[in-house]
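Novice: Sharing input_15.pdb, PDB, C-alpha atoms:
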```pdb
MODEL        1
ATOM      1  CA  MET D   1      19.017   0.962   3.909
ATOM      2  CA  LYS D   2      17.437  -2.317   4.938
ATOM      3  CA  LEU D   3      13.784  -1.924   5.863
ATOM      4  CA  ASP D   4      11.540  -4.307   7.760
ATOM      5  CA  PRO D   5       7.774  -4.709   8.234
ATOM      6  CA  LEU D   6       7.724  -2.411  11.284
ATOM      7  CA  ASP D   7       9.293   0.410   9.249
ATOM      8  CA  HIS D   8       6.621  -0.182   6.620
ATOM      9  CA  ASP D   9       3.796  -0.207   9.154
ATOM     10  CA  ILE D  10       4.946   3.039  10.771
ATOM     11  CA  VAL D  11       5.264   4.888   7.454
ATOM     12  CA  SER D  12       2.013   3.418   6.174
ATOM     13  CA  LEU D  13       0.105   4.624   9.239
ATOM     14  CA  LEU D  14       1.637   8.098   9.029
ATOM     15  CA  SER D  15       0.827   8.257   5.315
ATOM     16  CA  SER D  16      -2.786   7.208   5.723
ATOM     17  CA  ASP D  17      -3.352   9.488   8.764
ATOM     18  CA  PRO D  18      -0.830  12.379   8.692
ATOM     19  CA  GLY D  19      -2.262  13.879  11.902
ATOM     20  CA  ILE D  20      -1.663  10.762  13.979
ATOM     21  CA  SER D  21       0.685  11.190  16.936
ATOM     22  CA  ILE D  22       3.712   9.039  17.720
ATOM     23  CA  VAL D  23       1.891   7.750  20.807
ATOM     24  CA  GLN D  24      -1.121   6.751  18.686
ATOM     25  CA  VAL D  25       1.158   4.985  16.192
ATOM     26  CA  SER D  26       2.851   3.075  19.006
ATOM     27  CA  ARG D  27      -0.522   2.037  20.474
ATOM     28  CA  ARG D  28      -1.939   0.946  17.106
ATOM     29  CA  LEU D  29       1.158  -1.083  16.310
ATOM     30  CA  GLY D  30       1.685  -2.412  19.837
ATOM     31  CA  VAL D  31       5.267  -1.161  20.172
ATOM     32  CA  ALA D  32       6.907   1.333  22.517
ATOM     33  CA  ARG D  33       6.735   5.033  21.654
ATOM     34  CA  ALA D  34      10.533   5.186  21.863
ATOM     35  CA  THR D  35      10.755   2.417  19.250
ATOM     36  CA  VAL D  36       8.510   4.331  16.856
ATOM     37  CA  GLN D  37      10.503   7.538  17.406
ATOM     38  CA  ALA D  38      13.830   5.737  16.917
ATOM     39  CA  ARG D  39      12.574   4.164  13.682
ATOM     40  CA  LEU D  40      11.335   7.528  12.397
ATOM     41  CA  ASP D  41      14.660   9.166  13.267
ATOM     42  CA  LYS D  42      16.480   6.379  11.389
ATOM     43  CA  LEU D  43      14.187   6.704   8.360
ATOM     44  CA  HIS D  44      14.681  10.482   8.273
ATOM     45  CA  ALA D  45      18.479  10.191   8.651
ATOM     46  CA  ALA D  46      18.639   7.671   5.798
ATOM     47  CA  GLY D  47      16.506   9.886   3.544
ATOM     48  CA  VAL D  48      13.680   7.341   3.293
ATOM     49  CA  ILE D  49      11.334   9.991   4.720
ATOM     50  CA  ARG D  50      12.256  13.270   3.066
ATOM     51  CA  SER D  51       9.732  15.620   4.629
ATOM     52  CA  ASP D  52       6.933  15.990   7.131
ATOM     53  CA  ALA D  53       5.561  18.967   5.203
ATOM     54  CA  PRO D  54       1.894  18.912   4.196
ATOM     55  CA  GLN D  55       1.118  17.875   0.629
ATOM     56  CA  LEU D  56      -0.562  20.751  -1.168
ATOM     57  CA  ASP D  57      -3.108  20.524  -3.976
ATOM     58  CA  PRO D  58      -2.521  23.515  -6.286
ATOM     59  CA  ALA D  59      -6.014  23.137  -7.790
ATOM     60  CA  ALA D  60      -7.543  23.743  -4.348
ATOM     61  CA  PHE D  61      -6.084  27.261  -4.299
ATOM     62  CA  GLY D  62      -6.714  28.261  -7.894
ATOM     63  CA  PHE D  63      -4.014  26.518  -9.957
ATOM     64  CA  GLY D  64      -6.189  23.948 -11.742
ATOM     65  CA  VAL D  65      -4.386  23.726 -15.101
ATOM     66  CA  MET D  66      -1.425  21.338 -15.192
ATOM     67  CA  ALA D  67       0.982  20.473 -18.002
ATOM     68  CA  MET D  68       4.203  18.613 -18.569
ATOM     69  CA  CYS D  69       6.771  20.550 -20.568
ATOM     70  CA  GLU D  70       9.679  18.890 -22.351
ATOM     71  CA  ILE D  71      12.644  21.232 -22.651
ATOM     72  CA  GLN D  72      15.514  20.721 -25.073
ATOM     73  CA  ILE D  73      18.669  22.708 -24.433
ATOM     74  CA  GLU D  74      21.860  23.447 -26.354
ATOM     75  CA  GLN D  75      24.309  20.613 -26.004
ATOM     76  CA  GLY D  76      27.172  21.576 -23.730
ATOM     77  CA  ALA D  77      25.134  24.297 -22.050
ATOM     78  CA  GLY D  78      25.355  24.278 -18.279
ATOM     79  CA  ARG D  79      22.323  22.516 -16.832
ATOM     80  CA  GLU D  80      22.863  23.811 -13.296
ATOM     81  CA  ALA D  81      22.268  27.451 -14.244
ATOM     82  CA  LEU D  82      19.146  26.428 -16.167
ATOM     83  CA  HIS D  83      17.922  24.447 -13.150
ATOM     84  CA  ALA D  84      18.175  27.567 -10.983
ATOM     85  CA  THR D  85      16.376  29.656 -13.631
ATOM     86  CA  LEU D  86      13.539  27.138 -13.884
ATOM     87  CA  GLU D  87      13.279  26.862 -10.102
ATOM     88  CA  ALA D  88      12.764  30.632  -9.931
ATOM     89  CA  ILE D  89       9.556  30.303 -11.995
ATOM     90  CA  PRO D  90       6.893  29.682  -9.321
ATOM     91  CA  GLU D  91       4.529  27.804 -11.628
ATOM     92  CA  ILE D  92       7.142  25.084 -12.277
ATOM     93  CA  ILE D  93       6.636  22.741  -9.346
ATOM     94  CA  ASP D  94       8.842  19.814 -10.440
ATOM     95  CA  ALA D  95      11.702  19.480 -12.904
ATOM     96  CA  TYR D  96      13.739  16.438 -13.869
ATOM     97  CA  THR D  97      16.814  15.935 -16.040
ATOM     98  CA  THR D  98      15.947  13.154 -18.480
ATOM     99  CA  ALA D  99      17.477  10.864 -21.083
ATOM    100  CA  GLY D 100      15.918  10.910 -24.529
ATOM    101  CA  GLU D 101      14.805  13.762 -26.751
ATOM    102  CA  ALA D 102      13.991  16.118 -23.902
ATOM    103  CA  ASP D 103      16.780  17.238 -21.610
ATOM    104  CA  ILE D 104      14.441  18.405 -18.857
ATOM    105  CA  LEU D 105      10.857  17.520 -18.032
ATOM    106  CA  ALA D 106       9.005  20.149 -16.002
ATOM    107  CA  ARG D 107       5.583  19.966 -14.364
ATOM    108  CA  ILE D 108       3.782  23.294 -14.564
ATOM    109  CA  VAL D 109       0.628  24.367 -12.706
ATOM    110  CA  VAL D 110      -1.211  27.554 -13.623
ATOM    111  CA  ARG D 111      -4.622  29.208 -13.322
ATOM    112  CA  SER D 112      -5.493  29.259 -17.039
ATOM    113  CA  ASN D 113      -4.342  28.252 -20.496
ATOM    114  CA  ALA D 114      -3.227  31.864 -21.061
ATOM    115  CA  ASP D 115      -1.029  31.599 -17.962
ATOM    116  CA  LEU D 116       0.386  28.317 -19.307
ATOM    117  CA  GLN D 117       1.292  30.060 -22.558
ATOM    118  CA  ASP D 118       3.040  32.788 -20.544
ATOM    119  CA  VAL D 119       5.130  30.242 -18.610
ATOM    120  CA  ILE D 120       6.047  28.374 -21.785
ATOM    121  CA  ASP D 121       7.060  31.678 -23.404
ATOM    122  CA  ARG D 122       9.269  32.478 -20.384
ATOM    123  CA  ILE D 123      10.928  29.059 -20.641
ATOM    124  CA  ALA D 124      11.434  29.401 -24.408
ATOM    125  CA  ALA D 125      13.054  32.828 -23.882
ATOM    126  CA  ILE D 126      15.866  31.343 -21.771
ATOM    127  CA  PRO D 127      18.985  31.587 -23.990
ATOM    128  CA  VAL D 128      20.067  27.907 -23.730
ATOM    129  CA  VAL D 129      16.572  26.558 -24.476
ATOM    130  CA  GLN D 130      16.256  25.342 -28.051
ATOM    131  CA  ARG D 131      12.731  23.924 -28.022
ATOM    132  CA  THR D 132       9.794  23.161 -25.737
ATOM    133  CA  ARG D 133       6.944  20.704 -26.161
ATOM    134  CA  SER D 134       4.022  20.622 -23.757
ATOM    135  CA  GLU D 135       1.248  18.203 -22.903
ATOM    136  CA  LEU D 136      -1.825  19.389 -21.036
ATOM    137  CA  ILE D 137      -2.773  17.066 -18.167
ATOM    138  CA  LEU D 138      -6.512  16.432 -18.046
ATOM    139  CA  THR D 139      -6.771  14.281 -14.916
ATOM    140  CA  THR D 140      -4.410  12.759 -12.409
ATOM    141  CA  CYS D 141      -4.811   8.982 -12.354
ATOM    142  CA  PHE D 142      -2.493   8.647  -9.342
ATOM    143  CA  GLU D 143       0.695  10.221  -8.057
ATOM    144  CA  GLY D 144       3.224   9.726  -5.291
ATOM    145  CA  LYS D 145       2.682   5.960  -5.293
ATOM    146  CA  THR D 146       5.682   5.026  -3.134
ATOM    147  CA  LEU D 147       4.123   2.909  -0.361
ATOM    148  CA  PRO D 148       4.071  -0.253  -2.534
ATOM    149  CA  LEU D 149       7.818   0.190  -3.144
ATOM    150  CA  LEU D 150       8.401   0.588   0.582
ATOM    151  CA  ALA D 151       6.403  -2.601   1.135
ATOM    152  CA  LEU D 152       8.582  -4.495  -1.352
ATOM    153  CA  ALA D 153      11.747  -3.181   0.322
ATOM    154  CA  ALA D 154      10.407  -4.196   3.754
ATOM    155  CA  GLY D 155       9.302  -7.661   2.642
ATOM    156  CA  VAL D 156       5.609  -6.887   3.100
ATOM    157  CA  GLU D 157       2.759  -7.675   0.699
ATOM    158  CA  PRO D 158       2.482  -4.422  -1.365
ATOM    159  CA  SER D 159      -1.316  -4.306  -1.139
ATOM    160  CA  ARG D 160      -1.175  -4.114   2.682
ATOM    161  CA  THR D 161      -0.821  -0.405   3.378
ATOM    162  CA  ASP D 162      -3.319   0.018   6.189
ATOM    163  CA  GLY D 163      -0.828   0.092   9.062
ATOM    164  CA  ARG D 164      -1.805  -3.327  10.443
ATOM    165  CA  ARG D 165       1.098  -5.233  11.919
ATOM    166  CA  ALA D 166       2.555  -7.865   9.679
ATOM    167  CA  PRO D 167       2.755 -11.376  11.054
ATOM    168  CA  ALA D 168       6.028 -11.826  12.942
ATOM    169  CA  ARG D 169       8.752 -13.313  10.786
ATOM    170  CA  ALA D 170      11.802 -15.091  12.059
ATOM    171  CA  GLY D 171      14.578 -12.536  12.416
ATOM    172  CA  ALA D 172      12.408  -9.648  11.197
ATOM    173  CA  ARG D 173      12.578  -7.613  14.408
TER     174      ARG D 173
ENDMDL
END
```
Would you encode the structure as structure tokens?
Specialist:
Amino acid sequence: MKLDPLDHDIVSLLSSDPGISIVQVSRRLGVARATVQARLDKLHAAGVIRSDAPQLDPAAFGFGVMAMCEIQIEQGAGREALHATLEAIPEIIDAYTTAGEADILARIVVRSNADLQDVIDRIAAIPVVQRTRSELILTTCFEGKTLPLLALAAGVEPSRTDGRRAPARAGAR
């Protein structure tokens, strides 16, 4: 999907102030409310915006220990069944199929190191799992850094993510 500076500005404003209304976005950007709504509908339909759900911080409700777990599985084993099994473990909040030594990389959040050991033991007990290797995460440097990519796709300076309108460009709107 081709993006432009207005798409960037709308998403940037919504990202920096999730409680902002469509009317407030349209006023701040100086465009009609219907334009903002149409752009948001287009961005949702294209999958650029995947969710309006709140972002949760597991540490804020007691899950302050985080680890990445590399999972190696038997070659030829069905990954889809394993994906469903891993998804059923509530402490695994993300899982990715990877290339390299690990077949799957899973992000785990738990309350304690003992709980982490329990989750790792549950993963290791899955019949197709051959080996796990885990790394405890001490601090999060940053995460979810997608606005600079959106800026690049929209032809906007990546450091400008404050929702200010970009200077008009010939043919941009």
Novice: By how many Å are atom CA of Ala102 of chain D and atom CA of Pro90 of chain D apart?
Specialist: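 Rounded to one decimal, the two atoms are 21.1 Å apart.
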Novice: Going by the chain IDs and residue numbers used in this file, which residues fall under the PyMOL selection byres ((chain D and resi 42-45) around 12)? Write them as a list of chain:residue names.
Specialist: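 Taken over the shown coordinates, the PyMOL selection byres ((chain D and resi 42-45) around 12) returns D:Met1, D:Lys2, D:Leu3, D:Asp4, D:Leu6, D:Asp7, D:His8, D:Ile10, D:Val11, D:Thr35, D:Val36, D:Gln37, D:Ala38, D:Arg39, D:Leu40, D:Asp41, D:Ala46, D:Gly47, D:Val48, D:Ile49, D:Arg50, D:Ser51, D:Asp52, D:Leu150.
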Novice: I'd like the neighbourhood of Asp115 of chain D as a PDB file with C-alpha atoms, in the coordinates of the input, where a residue qualifies if any of its atoms comes within 12 Å (using all atoms listed in the file), though same-chain residues fewer than 6 positions away should be ignored.
Specialist:
```
ATOM      1  CA  PHE D  63      -4.014  26.518  -9.957  1.00  0.00           C
ATOM      2  CA  GLY D  64      -6.189  23.948 -11.742  1.00  0.00           C
ATOM      3  CA  VAL D  65      -4.386  23.726 -15.101  1.00  0.00           C
ATOM      4  CA  MET D  66      -1.425  21.338 -15.192  1.00  0.00           C
ATOM      5  CA  ALA D  67       0.982  20.473 -18.002  1.00  0.00           C
ATOM      6  CA  PRO D  90       6.893  29.682  -9.321  1.00  0.00           C
ATOM      7  CA  GLU D  91       4.529  27.804 -11.628  1.00  0.00           C
ATOM      8  CA  ILE D  92       7.142  25.084 -12.277  1.00  0.00           C
ATOM      9  CA  ILE D 108       3.782  23.294 -14.564  1.00  0.00           C
ATOM     10  CA  VAL D 109       0.628  24.367 -12.706  1.00  0.00           C
ATOM     11  CA  ASP D 121       7.060  31.678 -23.404  1.00  0.00           C
ATOM     12  CA  ARG D 122       9.269  32.478 -20.384  1.00  0.00           C
TER      13      ARG D 122
END
```
Novice: Translate the PyMOL selection byres ((chain D and resi 78-88) around 12), as applied to the file shown, into an explicit residue set as a PyMOL selection string.
Specialist: chain D and resi 69+71-77+89-98+103-108+119-120+122-129
Novice: How many Å lie between atom CA of Ile20 of chain D and atom CA of Thr146 of chain D, rounded to one decimal?
Specialist: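 Atom-to-atom, atom CA of Ile20 of chain D and atom CA of Thr146 of chain D are spaced 19.5 Å apart.
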Novice: To one decimal place in Å, what is the distance between atom CA of Pro148 of chain D and atom CA of Ser15 of chain D?
Specialist: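 Distance between the two atoms: 12.0 Å.
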Novice: Measuring atom to atom with all atoms listed in the file, identify which of D:Asp17, D:Leu116, D:Asp9, D:Arg111 is nearest to Leu29 of chain D.
Specialist: D:Asp9
